[in-house]
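Down below is the structure, laid out as structure tokens.
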Amino acid sequence: MSEKDLRIRSHVISESPNRAPNRAMLRAVGFGDEDFKKPMIGIASAWSEVTPCNMHLDQLAVKAKDGAATNNGAPLIFNTITVSDGIGMGHEGMFYSLPSREVIADSIETVMQAERLDGLVAIGSCDKNTPACLMAMARLNVPSIYVYGGTIQPGKLQGEDIDIVSAFEAVGQHQVGKIDDDRLHEVECNACPGAGACGGMYTANTMAAAVEAMGMSLPGSSSNPAIADEKKAECERAGEMVNELLKKDIYPRDIMTKEAFENAITVVMALGGSTNAFLHLTAMAHSAEVDLSLEDFENIRLRVPHLADLKPSGKHVMQDLNNVGGVPAVMKMLLEEGLLHGDTLTVTGKTLRENLEEAESLHEGQKVIQPFSNPKKENGPLVVLRGNLAPEGAVAKMSGQEVSRYSGPAKVFDNEDAATKAIMNDEIKKGDVLVIRYVGPKGGPGMPEMLSVTAMLVGKGLGGDVALLTDGRFSGGSHGFVIGHAAPEAQAGGPLAYLQEGDIITIDSDEQLLQVEVDEAEMQTRAKDWQAPGLRFTTGVLSKYARLVSSAAKGAVTDGPKE
């Protein structure tokens, strides 16, 4: 019996005299006669020097290439872009952050399709890399494995762990005179000690954990630190495993099922992950043609407790979790409680349950993950709100919040800069609802994160005493009484556009309510008098994005509706 031909797509290049010119090009990059008999494996690397998150991925890509080559693959490394949210935060650069997700997904799809590669290992790290790579995998549906570049080690200052959010919050402390110039400089110089993505349960670690729970990365991928030997070994194994997926006919859409997405949401809720999970998981589901809505998040939230004492609202970072068993140990615990679908398929070729049988349990006496008998919160902390300010929904992260209801007068700003100046000038007071609108997917454009604003409020001692409502979004590092993703957005004529200074807004996470105390007739009158402002950009990538992008409630995707 002849061996199975794994060249599911590249045979159009490898075979036929007519393809001699195609093969001639590949011979120039090192292919020989034997390579054309092997499946061609793309190694997509988001390596870049523009952010510490990704500065080491070139080395990891080489390891993945080595692994693919040792298992009879013909691997080729190609690159995609990344942008740093931390560097882009608080200025015009943040408009490009969420659109970069689409650019990354599109670029991987483009290279894989044009070169007819048979399988894919994608290696990413910073926030948009992970969902973008998974979106590309779902679109392509060729055997694929995702490798997370890993978390950064915590910075150290006078014996205390600090990170990038410490630096953002130090700015607010500096503005009110709590720390001096020298202390601010010390925080700046020690917050980020080297390679790896932001260390708390911020967006990068949230999405990596979600993808591991989904089964699209190898066990331990999301909690292995960036500089650990285990991360290099993982990359090598991922390269080897793609050939096994080809042999077994296991494709991304076999793994990325509705049940797998439910597993991802469960892990995000238990870990107290970023609100960006709503956007990214919904976008990934769109690419995989899986029906996933905000109601699915809410249904899972009601039965999954928040267990992890992780930053930004807790004490620990991802490396601490890795030291006590990592994400696999947390999933093992969730599976034992009946909160995960154990029969979902994974990239190992085994079910999630089979993978977790081999995982260690959480270490005795550890303090990172609370027991089910004493959770941080009885339900997940990521709450969907609805009401006359967000008919399509808005999202709030309630981890670290003791108060579930908040009511106060609106302080309305049409951009982040104006709101920032108001905070700096002490115009925002305890009890206010700070509203930043026209910063949604179309209006921003790109739905900028408000980490600078939330960190300033915390630094000024107003975290939890001022609510922040926006059609933009938040960094996973944001905490406090923050509500984002309000949809429809103001630019599209959503109710936020009709708010006026002093309107009383009520936010109630128990009732899942986001309401303004203005009657419907008055809102309709305001709507008739409203005109959409012109788009901020009329050329370039942001112009294209603003014209194509969907509602935040649908993942802010640009590749059109599902059939």
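Identifiers for the structure tokens are assigned positionally: chains receive A, B, ... in sequence, residues are indexed from 1 per chain, and ligands are indexed from 1 in the order shown.
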
Which of range 94-295 of chain A end up as alpha helix (DSSP H) when DSSP is run on this backbone - answer as number ranges by chain? A: 97-115, 129-140, 164-175, 181-190, 203-214, 229-248, 252-255, 258-271, 276-288, 294-295

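The neighbours of range 281-286 of chain A here are the residues that come within 8 Å of it, using only C-alpha atoms and leaving out any residue fewer than 2 positions away in the same chain; they are Pro131, Ala132, Leu134, Met135, Ala138, Met256, Phe261, Ala277, Phe278, Leu279, Ala288, Glu289, Val290, Asp291, Leu292, Ser293, Lys554, Gly555, Ala556, Val557 and Lys562 of chain A.
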
Counting only C-alpha atoms, give me one row per residue of range 217-336 of chain A with an atom at most 10 Å from an atom of range 39-46 of chain A, showing the shortest contact pair and its distance in Å to one decimal, sorted by chain then residue number, as a Markdown table.
| residue | atom | partner | partner_atom | distance |
| --- | --- | --- | --- | --- |
| A:Gly239 | CA | A:Ile43 | CA | 8.2 |
| A:Val242 | CA | A:Ile41 | CA | 7.8 |
| A:Asn243 | CA | A:Pro39 | CA | 7.8 |
| A:Leu246 | CA | A:Pro39 | CA | 8.7 |

For the residues in that selection, give me N, CA and C atoms as a compact mmCIF listing (two decimals), in the first residue's frame.
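Result saved to selection_25.txt:
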# COMPACT_ATOMS: atom_id res chain seq x y z
N GLY A 239 5.96 22.11 14.79
CA GLY A 239 6.39 21.85 13.42
C GLY A 239 6.24 20.39 13.04
N VAL A 242 2.33 19.13 12.50
CA VAL A 242 1.51 19.49 11.34
C VAL A 242 1.42 18.32 10.37
N ASN A 243 2.53 17.60 10.19
CA ASN A 243 2.49 16.43 9.31
C ASN A 243 1.54 15.37 9.84
N LEU A 246 -1.89 16.34 8.91
CA LEU A 246 -2.12 16.04 7.50
C LEU A 246 -2.42 14.55 7.30

Select from range 290-393 of chain A everything DSSP, run on the backbone, classes as strand (DSSP E), then give the selection as a PyMOL selection string. chain A and resi 382-387+390-393

May I have the selected residues written with N, CA and C atoms, as a PDB file, in the first residue's frame?
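Ended up saving to part14.pdb:
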ATOM      1  N   LEU A 382     -17.054  38.959  33.205  1.00  0.00           N
ATOM      2  CA  LEU A 382     -17.288  39.681  31.949  1.00  0.00           C
ATOM      3  C   LEU A 382     -18.779  39.661  31.643  1.00  0.00           C
ATOM      4  N   VAL A 383     -19.404  40.822  31.778  1.00  0.00           N
ATOM      5  CA  VAL A 383     -20.867  40.911  31.788  1.00  0.00           C
ATOM      6  C   VAL A 383     -21.367  41.638  30.545  1.00  0.00           C
ATOM      7  N   VAL A 384     -22.402  41.102  29.936  1.00  0.00           N
ATOM      8  CA  VAL A 384     -23.076  41.765  28.813  1.00  0.00           C
ATOM      9  C   VAL A 384     -24.187  42.649  29.381  1.00  0.00           C
ATOM     10  N   LEU A 385     -24.192  43.923  28.981  1.00  0.00           N
ATOM     11  CA  LEU A 385     -25.227  44.872  29.400  1.00  0.00           C
ATOM     12  C   LEU A 385     -26.061  45.271  28.186  1.00  0.00           C
ATOM     13  N   ARG A 386     -27.329  45.536  28.419  1.00  0.00           N
ATOM     14  CA  ARG A 386     -28.203  46.042  27.356  1.00  0.00           C
ATOM     15  C   ARG A 386     -29.109  47.106  27.946  1.00  0.00           C
ATOM     16  N   GLY A 387     -29.743  47.866  27.062  1.00  0.00           N
ATOM     17  CA  GLY A 387     -30.643  48.918  27.480  1.00  0.00           C
ATOM     18  C   GLY A 387     -30.741  49.958  26.387  1.00  0.00           C
ATOM     19  N   ALA A 390     -27.490  50.772  24.604  1.00  0.00           N
ATOM     20  CA  ALA A 390     -26.759  49.736  23.872  1.00  0.00           C
ATOM     21  C   ALA A 390     -27.707  48.607  23.488  1.00  0.00           C
ATOM     22  N   PRO A 391     -28.592  48.854  22.516  1.00  0.00           N
ATOM     23  CA  PRO A 391     -29.549  47.813  22.126  1.00  0.00           C
ATOM     24  C   PRO A 391     -28.881  46.522  21.660  1.00  0.00           C
ATOM     25  N   GLU A 392     -27.699  46.638  21.018  1.00  0.00           N
ATOM     26  CA  GLU A 392     -26.988  45.439  20.566  1.00  0.00           C
ATOM     27  C   GLU A 392     -26.076  44.870  21.646  1.00  0.00           C
ATOM     28  N   GLY A 393     -25.906  45.615  22.723  1.00  0.00           N
ATOM     29  CA  GLY A 393     -25.092  45.134  23.829  1.00  0.00           C
ATOM     30  C   GLY A 393     -23.859  45.979  24.077  1.00  0.00           C
TER      31      GLY A 393
END

Leaving out range 500-515 of chain A and any residue of its chain fewer than 5 positions from it, which residues lie within 8 Å of it when counting only C-alpha atoms, given as a PyMOL selection string? chain A and resi 383-390+394+396+398+404-412+433

If we count only C-alpha atoms and set the cut-off at 8 Å, which residues sit around Glu234 in chain A, ignoring sequence neighbours fewer than 5 positions away in its own chain? Please answer as a PyMOL selection string. chain A and resi 147+218+221

Need to verify the contact set: range 353-357 of chain A, 7 Å, only C-alpha atoms, exclusion of same-chain residues closer than 5 positions in sequence. Can you return it as a PyMOL selection string? chain A and resi 328+332+342-343

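Nearest residue to Val165 in chain A, choosing from A:Leu140, A:Met450, A:Ala122, A:Ala191 and counting only C-alpha atoms: A:Ala191.
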
Write out, as a tab-separated table, each residue of range 151-173 of chain A that has an atom at most 12 Å from range 299-315 of chain A, together with the closest pair of atoms and their distance in Å to one decimal, counting only C-alpha atoms, rows going by chain and rising number.
residue	atom	partner	partner_atom	distance
A:Pro154	CA	A:Lys311	CA	11.3
A:Glu160	CA	A:Lys315	CA	10.9
A:Asp161	CA	A:Lys315	CA	9.2
A:Ile162	CA	A:Lys311	CA	10.3
A:Asp163	CA	A:Lys311	CA	9.6
A:Ile164	CA	A:Pro312	CA	10.6
A:Val165	CA	A:Pro312	CA	7.8
A:Ser166	CA	A:Pro312	CA	9.5
A:Phe168	CA	A:Pro312	CA	11.9
A:Glu169	CA	A:Pro312	CA	11.0

Can I get the selection written as a CSV table (one decimal), in the first residue's frame, with N, CA, C and O atoms?
chain,number,residue,atom,x,y,z
A,154,PRO,N,7.9,39.2,35.1
A,154,PRO,CA,7.5,40.5,35.8
A,154,PRO,C,8.8,41.3,36.0
A,154,PRO,O,9.9,40.8,36.2
A,160,GLU,N,9.3,44.5,44.6
A,160,GLU,CA,7.9,44.3,44.1
A,160,GLU,C,7.9,44.0,42.7
A,160,GLU,O,8.6,44.5,41.9
A,161,ASP,N,6.9,43.1,42.3
A,161,ASP,CA,6.6,42.8,40.9
A,161,ASP,C,5.9,44.0,40.2
A,161,ASP,O,4.9,44.5,40.8
A,162,ILE,N,6.4,44.5,39.1
A,162,ILE,CA,5.7,45.5,38.3
A,162,ILE,C,5.6,45.1,36.9
A,162,ILE,O,6.2,44.1,36.4
A,163,ASP,N,4.7,45.7,36.1
A,163,ASP,CA,4.5,45.4,34.7
A,163,ASP,C,4.2,46.7,34.0
A,163,ASP,O,4.2,47.8,34.5
A,164,ILE,N,3.8,46.6,32.7
A,164,ILE,CA,3.5,47.7,31.9
A,164,ILE,C,2.3,48.5,32.4
A,164,ILE,O,2.3,49.8,32.3
A,165,VAL,N,1.3,47.9,33.0
A,165,VAL,CA,0.2,48.6,33.6
A,165,VAL,C,0.6,49.4,34.8
A,165,VAL,O,0.1,50.5,35.0
A,166,SER,N,1.6,48.9,35.5
A,166,SER,CA,2.2,49.7,36.6
A,166,SER,C,2.7,51.1,36.0
A,166,SER,O,2.6,52.1,36.7
A,168,PHE,N,1.6,52.7,33.3
A,168,PHE,CA,0.5,53.5,32.9
A,168,PHE,C,-0.1,54.1,34.2
A,168,PHE,O,-0.5,55.3,34.2
A,169,GLU,N,-0.3,53.4,35.3
A,169,GLU,CA,-0.9,53.9,36.5
A,169,GLU,C,0.1,54.9,37.2
A,169,GLU,O,-0.4,55.8,37.9

For the atom pair CA of Lys63 in chain A and CA of Ala329 in chain A, what is the interatomic distance in Å to one decimal place?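 Going from CA of Lys63 in chain A over to CA of Ala329 in chain A covers 26.0 Å.
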
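Take the candidates A:Leu294, A:Thr454, A:Cys189, A:Gly149 and check each one against Asp229 in chain A using only C-alpha atoms; the shortest distance goes to A:Gly149.
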
Close residues, Ser222 in chain A itself excluded, 10 Å, only C-alpha atoms, min 5 positions apart in chain, as a list in words: Ser125, Val147, Tyr148, Gly149, Gly150, Thr151, Ala204, Asn205, Thr206, Met207, Ala208, Ala209, Ala210, Val211, Glu212, Ala213, Ser217, Lys231, Met318, Asn322, Gly326, Val327 and Pro328 of chain A

Could you write out the selected residues, including C-alpha atoms, as a short mmCIF file (atom, residue, chain, number, x, y, z; two decimals), in the first residue's frame?
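Below is the file selection_26.cif, written as the result:
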data_model
loop_
_atom_site.label_atom_id
_atom_site.label_comp_id
_atom_site.auth_asym_id
_atom_site.auth_seq_id
_atom_site.Cartn_x
_atom_site.Cartn_y
_atom_site.Cartn_z
CA SER A 125 2.42 37.08 20.76
CA VAL A 147 2.12 28.74 19.04
CA TYR A 148 1.90 31.58 21.54
CA GLY A 149 5.21 33.39 21.93
CA GLY A 150 4.79 33.43 25.68
CA THR A 151 4.50 35.84 28.56
CA ALA A 204 -2.49 38.54 24.95
CA ASN A 205 -2.60 35.97 27.75
CA THR A 206 -6.41 35.88 27.64
CA MET A 207 -6.49 34.97 23.97
CA ALA A 208 -3.63 32.48 24.26
CA ALA A 209 -5.50 30.69 27.06
CA ALA A 210 -8.70 30.75 24.98
CA VAL A 211 -6.96 29.16 22.00
CA GLU A 212 -5.37 26.47 24.16
CA ALA A 213 -8.80 25.70 25.62
CA SER A 217 -2.40 24.98 20.37
CA LYS A 231 8.71 27.29 24.57
CA MET A 318 0.92 34.47 34.15
CA ASN A 322 2.75 28.62 35.12
CA GLY A 326 -0.36 26.50 34.28
CA VAL A 327 -3.50 26.76 32.21
CA PRO A 328 -3.73 22.95 31.75
#

Between A:Gly494, A:Gly461, A:Pro533, A:Gly472, single out the one closest to Gln173 in chain A, counting only C-alpha atoms.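 With only C-alpha atoms as the atom set, the closest residue is A:Gly461.
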
For Ala419 in chain A: contacts at 8 Å, only C-alpha atoms, fewer than 5 positions along chain excluded, given as a list in words: Phe413, Leu434, Ile436 and Val453 of chain A

Take the residues from that selection and write them out as a PDB file, in the first residue's frame, keeping N, CA and C atoms.
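So the final result, stored in part23.pdb, reads:
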ATOM      1  N   PHE A 413     -17.654  63.331  25.990  1.00  0.00           N
ATOM      2  CA  PHE A 413     -16.538  63.766  25.151  1.00  0.00           C
ATOM      3  C   PHE A 413     -16.565  62.978  23.841  1.00  0.00           C
ATOM      4  N   LEU A 434     -18.066  59.141  32.904  1.00  0.00           N
ATOM      5  CA  LEU A 434     -17.259  59.688  31.819  1.00  0.00           C
ATOM      6  C   LEU A 434     -17.596  58.937  30.537  1.00  0.00           C
ATOM      7  N   ILE A 436     -16.950  58.528  26.505  1.00  0.00           N
ATOM      8  CA  ILE A 436     -16.095  58.808  25.342  1.00  0.00           C
ATOM      9  C   ILE A 436     -16.727  58.102  24.148  1.00  0.00           C
ATOM     10  N   VAL A 453      -6.623  56.289  29.788  1.00  0.00           N
ATOM     11  CA  VAL A 453      -7.679  56.964  30.552  1.00  0.00           C
ATOM     12  C   VAL A 453      -7.969  56.210  31.842  1.00  0.00           C
TER      13      VAL A 453
END

Could you please determine the separation between CA of Gly464 in chain A and CA of Phe481 in chain A in Å, to one decimal place? 5.0 Å
